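Colleague: A single structure is presented below for examination.
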Amino acid sequence: MYSSVTMMSEDQRLIQEARKKAHDYDRYSGCSQSVLGSLQETLNIGNRESFKAATVLSGGIARSGETCGALIGALMALGLVVGRERMEDTEQYREAMKPAGELSDSFKEALRAEFGFEGELKSTLCREIQEKIYGRSFDLNKAEDYNAFIEAGGHSDEGCLKVSGIAAQVGAEKILEILKNRRLG
């Protein structure tokens with residue numbers, strides 16, 4: 001007799017583990033490191049130096065509201081897998097752009113779907129994602145705005161922690177797809 005419960009594949013388990021770790025790690029602040037660290041640990045890629053480098057990228061790069069730090073963390077992890085090792089390797093540079101663009105598009109679509117955003121998410125700017133989630137953006141370098149961000153749920157399960165989990169999930173999906181294709185290819 002077969003169980004109606006479907007066994008989770010190893011890839012699905014890793015994807016869920018990366019998402020949960022990123023979500024939980026962001027409780028300590030640092031969305032870029034939360035995502036990168038979760039992907040490094042879960043997929044056994046990178047090192048502590050790359051993790052340290054992500055410190056200043058959170059909150060849309062040094063809390064400036066620019067490109068989402070969670071997405072940057074996922075892209076850094078992707079770069080550990082598909083990135084070039086020599087500056088002169090422009091072919092590898094070009095090849096890395098396709099999965100990076102796909103990851104970014106998947107991130108925007110997953111945010112839209114999970115948060116229920118109306119219409120397309122036009123950019124990956126932290127301030128625009130904040131506006132969609134919280135109804136306004138915050139200058140995280142100003143104490144008053146940072147406190148308002150926290151009060152609005154910025155570090156809650158339905159705020160940026162969720163964004164970090166989503167970034168880790170789509171990052172893990174893309175990286176595992178690439179690694180699987182390499183094994184088969």
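Residue numbers start at 1 in each chain; chains themselves are named A, B, ... in the order of the structure tokens; ligands are numbered from 1 in the order shown.
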Just want the 12 Å neighbourhood of range 135-147 of chain A, counted on only C-alpha atoms, with same-chain residues fewer than 2 positions away dropped. Output as a list of chain:residue names.
Modeller: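 In the requested form, the answer reads A:Ser29, A:Ser58, A:Gly59, A:Gly60, A:Ile61, A:Ala62, A:Arg63, A:Ser64, A:Gly65, A:Glu66, A:Phe117, A:Leu125, A:Cys126, A:Arg127, A:Glu128, A:Ile129, A:Gln130, A:Glu131, A:Lys132, A:Ile133, A:Phe149, A:Ile150, A:Glu151, A:Ala152, A:Gly153, A:Gly154, A:His155, A:Gly159.
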Colleague: CA of Glu91 in chain A and CA of Val56 in chain A, how far apart in Å?
Modeller: 28.9 Å
Colleague: Name the residues in contact with Asp157 in chain A at a cut-off of 12 Å, using only C-alpha atoms, excluding same-chain residues fewer than 3 positions from it; report them as a list in words.
Modeller: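 So, after excluding close chain neighbours, the residues are Lys20, Ala22, His23, Asp24, Tyr25, Asp26, Arg27, Phe115, Ile150, Ala152, Gly153, Gly154, Cys160, Leu161, Lys162, Val163, Ser164, Gly165 and Ile166 of chain A.
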Colleague: Next, write the just-selected residues to a file, as a compact mmCIF listing (two decimals), in the first residue's frame, keeping C-alpha atoms as the atom set.
Modeller:
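result_31.txt was written with the following content:
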# COMPACT_ATOMS: atom_id res chain seq x y z
CA LYS A 20 14.35 28.72 6.81
CA ALA A 22 17.92 32.86 5.85
CA HIS A 23 14.61 33.77 7.48
CA ASP A 24 15.93 32.92 10.94
CA TYR A 25 19.37 34.49 10.44
CA ASP A 26 17.85 37.84 9.43
CA ARG A 27 16.57 38.19 13.00
CA PHE A 115 3.13 39.10 -0.61
CA ILE A 150 10.81 47.91 13.18
CA ALA A 152 5.93 48.39 10.90
CA GLY A 153 7.17 44.79 11.12
CA GLY A 154 10.50 45.15 9.35
CA CYS A 160 12.18 41.44 5.62
CA LEU A 161 12.75 38.03 7.22
CA LYS A 162 10.27 36.65 4.68
CA VAL A 163 12.05 38.56 1.89
CA SER A 164 15.34 36.94 2.93
CA GLY A 165 13.73 33.51 2.96
CA ILE A 166 12.33 34.07 -0.53
Colleague: At a cut-off of 12 Å, using only C-alpha atoms, what residues contact Glu109 in chain A? Leave out same-chain residues fewer than 6 positions from it and give the result as a ChimeraX atom specification.
Modeller: /A:102-103,115-124,163,166-167,170
Colleague: Keeping N, CA and C atoms, export the residues of the selection given above as a PDB file, in the first residue's frame.
Modeller:
ATOM      1  N   GLU A 102      17.845  35.517 -14.542  1.00  0.00           N
ATOM      2  CA  GLU A 102      16.736  34.607 -14.228  1.00  0.00           C
ATOM      3  C   GLU A 102      16.447  34.597 -12.732  1.00  0.00           C
ATOM      4  N   LEU A 103      17.500  34.587 -11.915  1.00  0.00           N
ATOM      5  CA  LEU A 103      17.329  34.593 -10.463  1.00  0.00           C
ATOM      6  C   LEU A 103      16.628  35.882 -10.031  1.00  0.00           C
ATOM      7  N   PHE A 115       3.645  37.938  -1.330  1.00  0.00           N
ATOM      8  CA  PHE A 115       3.128  39.101  -0.608  1.00  0.00           C
ATOM      9  C   PHE A 115       1.805  39.598  -1.192  1.00  0.00           C
ATOM     10  N   GLY A 116       1.433  39.084  -2.362  1.00  0.00           N
ATOM     11  CA  GLY A 116       0.183  39.493  -2.990  1.00  0.00           C
ATOM     12  C   GLY A 116       0.230  40.890  -3.575  1.00  0.00           C
ATOM     13  N   PHE A 117       1.409  41.312  -4.039  1.00  0.00           N
ATOM     14  CA  PHE A 117       1.537  42.636  -4.649  1.00  0.00           C
ATOM     15  C   PHE A 117       0.641  42.732  -5.874  1.00  0.00           C
ATOM     16  N   GLU A 118       0.025  43.880  -6.048  1.00  0.00           N
ATOM     17  CA  GLU A 118      -0.751  44.158  -7.256  1.00  0.00           C
ATOM     18  C   GLU A 118       0.220  44.436  -8.392  1.00  0.00           C
ATOM     19  N   GLY A 119       0.021  43.811  -9.523  1.00  0.00           N
ATOM     20  CA  GLY A 119       0.854  44.084 -10.690  1.00  0.00           C
ATOM     21  C   GLY A 119       2.287  43.618 -10.535  1.00  0.00           C
ATOM     22  N   GLU A 120       3.068  43.988 -11.504  1.00  0.00           N
ATOM     23  CA  GLU A 120       4.462  43.575 -11.577  1.00  0.00           C
ATOM     24  C   GLU A 120       5.316  44.405 -10.613  1.00  0.00           C
ATOM     25  N   LEU A 121       6.310  43.757 -10.004  1.00  0.00           N
ATOM     26  CA  LEU A 121       7.308  44.467  -9.215  1.00  0.00           C
ATOM     27  C   LEU A 121       8.338  44.984 -10.213  1.00  0.00           C
ATOM     28  N   LYS A 122       8.420  46.286 -10.366  1.00  0.00           N
ATOM     29  CA  LYS A 122       9.217  46.868 -11.444  1.00  0.00           C
ATOM     30  C   LYS A 122      10.715  46.879 -11.180  1.00  0.00           C
ATOM     31  N   SER A 123      11.122  46.864  -9.927  1.00  0.00           N
ATOM     32  CA  SER A 123      12.544  46.917  -9.624  1.00  0.00           C
ATOM     33  C   SER A 123      12.853  46.035  -8.419  1.00  0.00           C
ATOM     34  N   THR A 124      14.130  45.970  -8.109  1.00  0.00           N
ATOM     35  CA  THR A 124      14.559  45.230  -6.914  1.00  0.00           C
ATOM     36  C   THR A 124      15.157  46.195  -5.895  1.00  0.00           C
ATOM     37  N   VAL A 163      11.334  38.200   3.114  1.00  0.00           N
ATOM     38  CA  VAL A 163      12.046  38.563   1.886  1.00  0.00           C
ATOM     39  C   VAL A 163      13.359  37.786   1.802  1.00  0.00           C
ATOM     40  N   ILE A 166      12.672  34.188   0.892  1.00  0.00           N
ATOM     41  CA  ILE A 166      12.332  34.068  -0.533  1.00  0.00           C
ATOM     42  C   ILE A 166      13.592  34.150  -1.385  1.00  0.00           C
ATOM     43  N   ALA A 167      14.488  35.092  -1.074  1.00  0.00           N
ATOM     44  CA  ALA A 167      15.737  35.228  -1.840  1.00  0.00           C
ATOM     45  C   ALA A 167      16.576  33.964  -1.740  1.00  0.00           C
ATOM     46  N   VAL A 170      14.834  31.148  -3.970  1.00  0.00           N
ATOM     47  CA  VAL A 170      15.049  31.250  -5.419  1.00  0.00           C
ATOM     48  C   VAL A 170      16.528  31.089  -5.757  1.00  0.00           C
TER      49      VAL A 170
END
Colleague: Just want the 10 Å neighbourhood of range 35-49 of chain A, counted on only C-alpha atoms, with same-chain residues fewer than 3 positions away dropped. Output as number ranges by chain.
Modeller: A: 11, 13-26, 30-32, 52-54, 69-81, 161, 163-169, 171-172, 175-176
Colleague: Those residues you just picked out, can you put them in a file as a short mmCIF file (atom, residue, chain, number, x, y, z; two decimals), in the first residue's frame with C-alpha atoms?
Modeller:
data_model
loop_
_atom_site.label_atom_id
_atom_site.label_comp_id
_atom_site.auth_asym_id
_atom_site.auth_seq_id
_atom_site.Cartn_x
_atom_site.Cartn_y
_atom_site.Cartn_z
CA ASP A 11 16.77 19.32 -3.61
CA ARG A 13 14.78 19.67 1.37
CA LEU A 14 17.84 21.82 0.69
CA ILE A 15 15.71 24.63 -0.75
CA GLN A 16 13.45 24.63 2.30
CA GLU A 17 16.45 24.48 4.64
CA ALA A 18 18.11 27.46 2.92
CA ARG A 19 14.87 29.46 3.12
CA LYS A 20 14.35 28.72 6.81
CA LYS A 21 17.96 29.53 7.72
CA ALA A 22 17.92 32.86 5.85
CA HIS A 23 14.61 33.77 7.48
CA ASP A 24 15.93 32.92 10.94
CA TYR A 25 19.37 34.49 10.44
CA ASP A 26 17.85 37.84 9.43
CA GLY A 30 21.87 41.72 7.70
CA CYS A 31 19.69 40.39 4.89
CA SER A 32 22.59 39.96 2.46
CA LYS A 52 32.23 38.92 5.58
CA ALA A 53 32.19 40.90 2.33
CA ALA A 54 28.36 40.83 2.37
CA GLY A 69 20.45 43.13 0.07
CA ALA A 70 18.68 39.77 0.21
CA LEU A 71 18.82 39.54 -3.58
CA ILE A 72 22.47 40.61 -3.52
CA GLY A 73 23.22 37.76 -1.09
CA ALA A 74 21.55 35.26 -3.45
CA LEU A 75 23.46 36.69 -6.43
CA MET A 76 26.74 36.48 -4.52
CA ALA A 77 26.04 32.80 -3.83
CA LEU A 78 25.23 32.27 -7.50
CA GLY A 79 28.51 33.99 -8.41
CA LEU A 80 30.37 31.49 -6.23
CA VAL A 81 29.02 28.78 -8.54
CA LEU A 161 12.75 38.03 7.22
CA VAL A 163 12.05 38.56 1.89
CA SER A 164 15.34 36.94 2.93
CA GLY A 165 13.73 33.51 2.96
CA ILE A 166 12.33 34.07 -0.53
CA ALA A 167 15.74 35.23 -1.84
CA ALA A 168 17.42 32.14 -0.38
CA GLN A 169 14.75 29.90 -1.88
CA GLY A 171 18.84 31.31 -5.07
CA ALA A 172 18.93 27.68 -3.97
CA ILE A 175 22.07 27.03 -7.99
CA LEU A 176 20.77 23.48 -7.64
#
Colleague: Looking only at helix (DSSP H, G or I) from DSSP on the backbone, list the matching residues of range 18-166 of chain A as a ChimeraX atom specification.
Modeller: /A:18-28,31-43,48-57,69-82,90-115,126-134,143-151,160-166
Colleague: Distance CA of Gln12 in chain A-CA of Leu179 in chain A, one decimal place?
Modeller: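 According to the coordinates, CA of Gln12 in chain A and CA of Leu179 in chain A are separated by 14.1 Å.
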Colleague: What does the distance between CA of Glu173 in chain A and CA of Arg112 in chain A come to in Å, to one decimal place?
Modeller: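 Taking CA of Glu173 in chain A and CA of Arg112 in chain A, their separation equals 17.4 Å.
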Colleague: Which residue gives the smallest distance to Lys180 in chain A among A:Glu158, A:Thr55, A:Glu88, A:Glu10, with only C-alpha atoms counted?
Modeller: A:Glu10
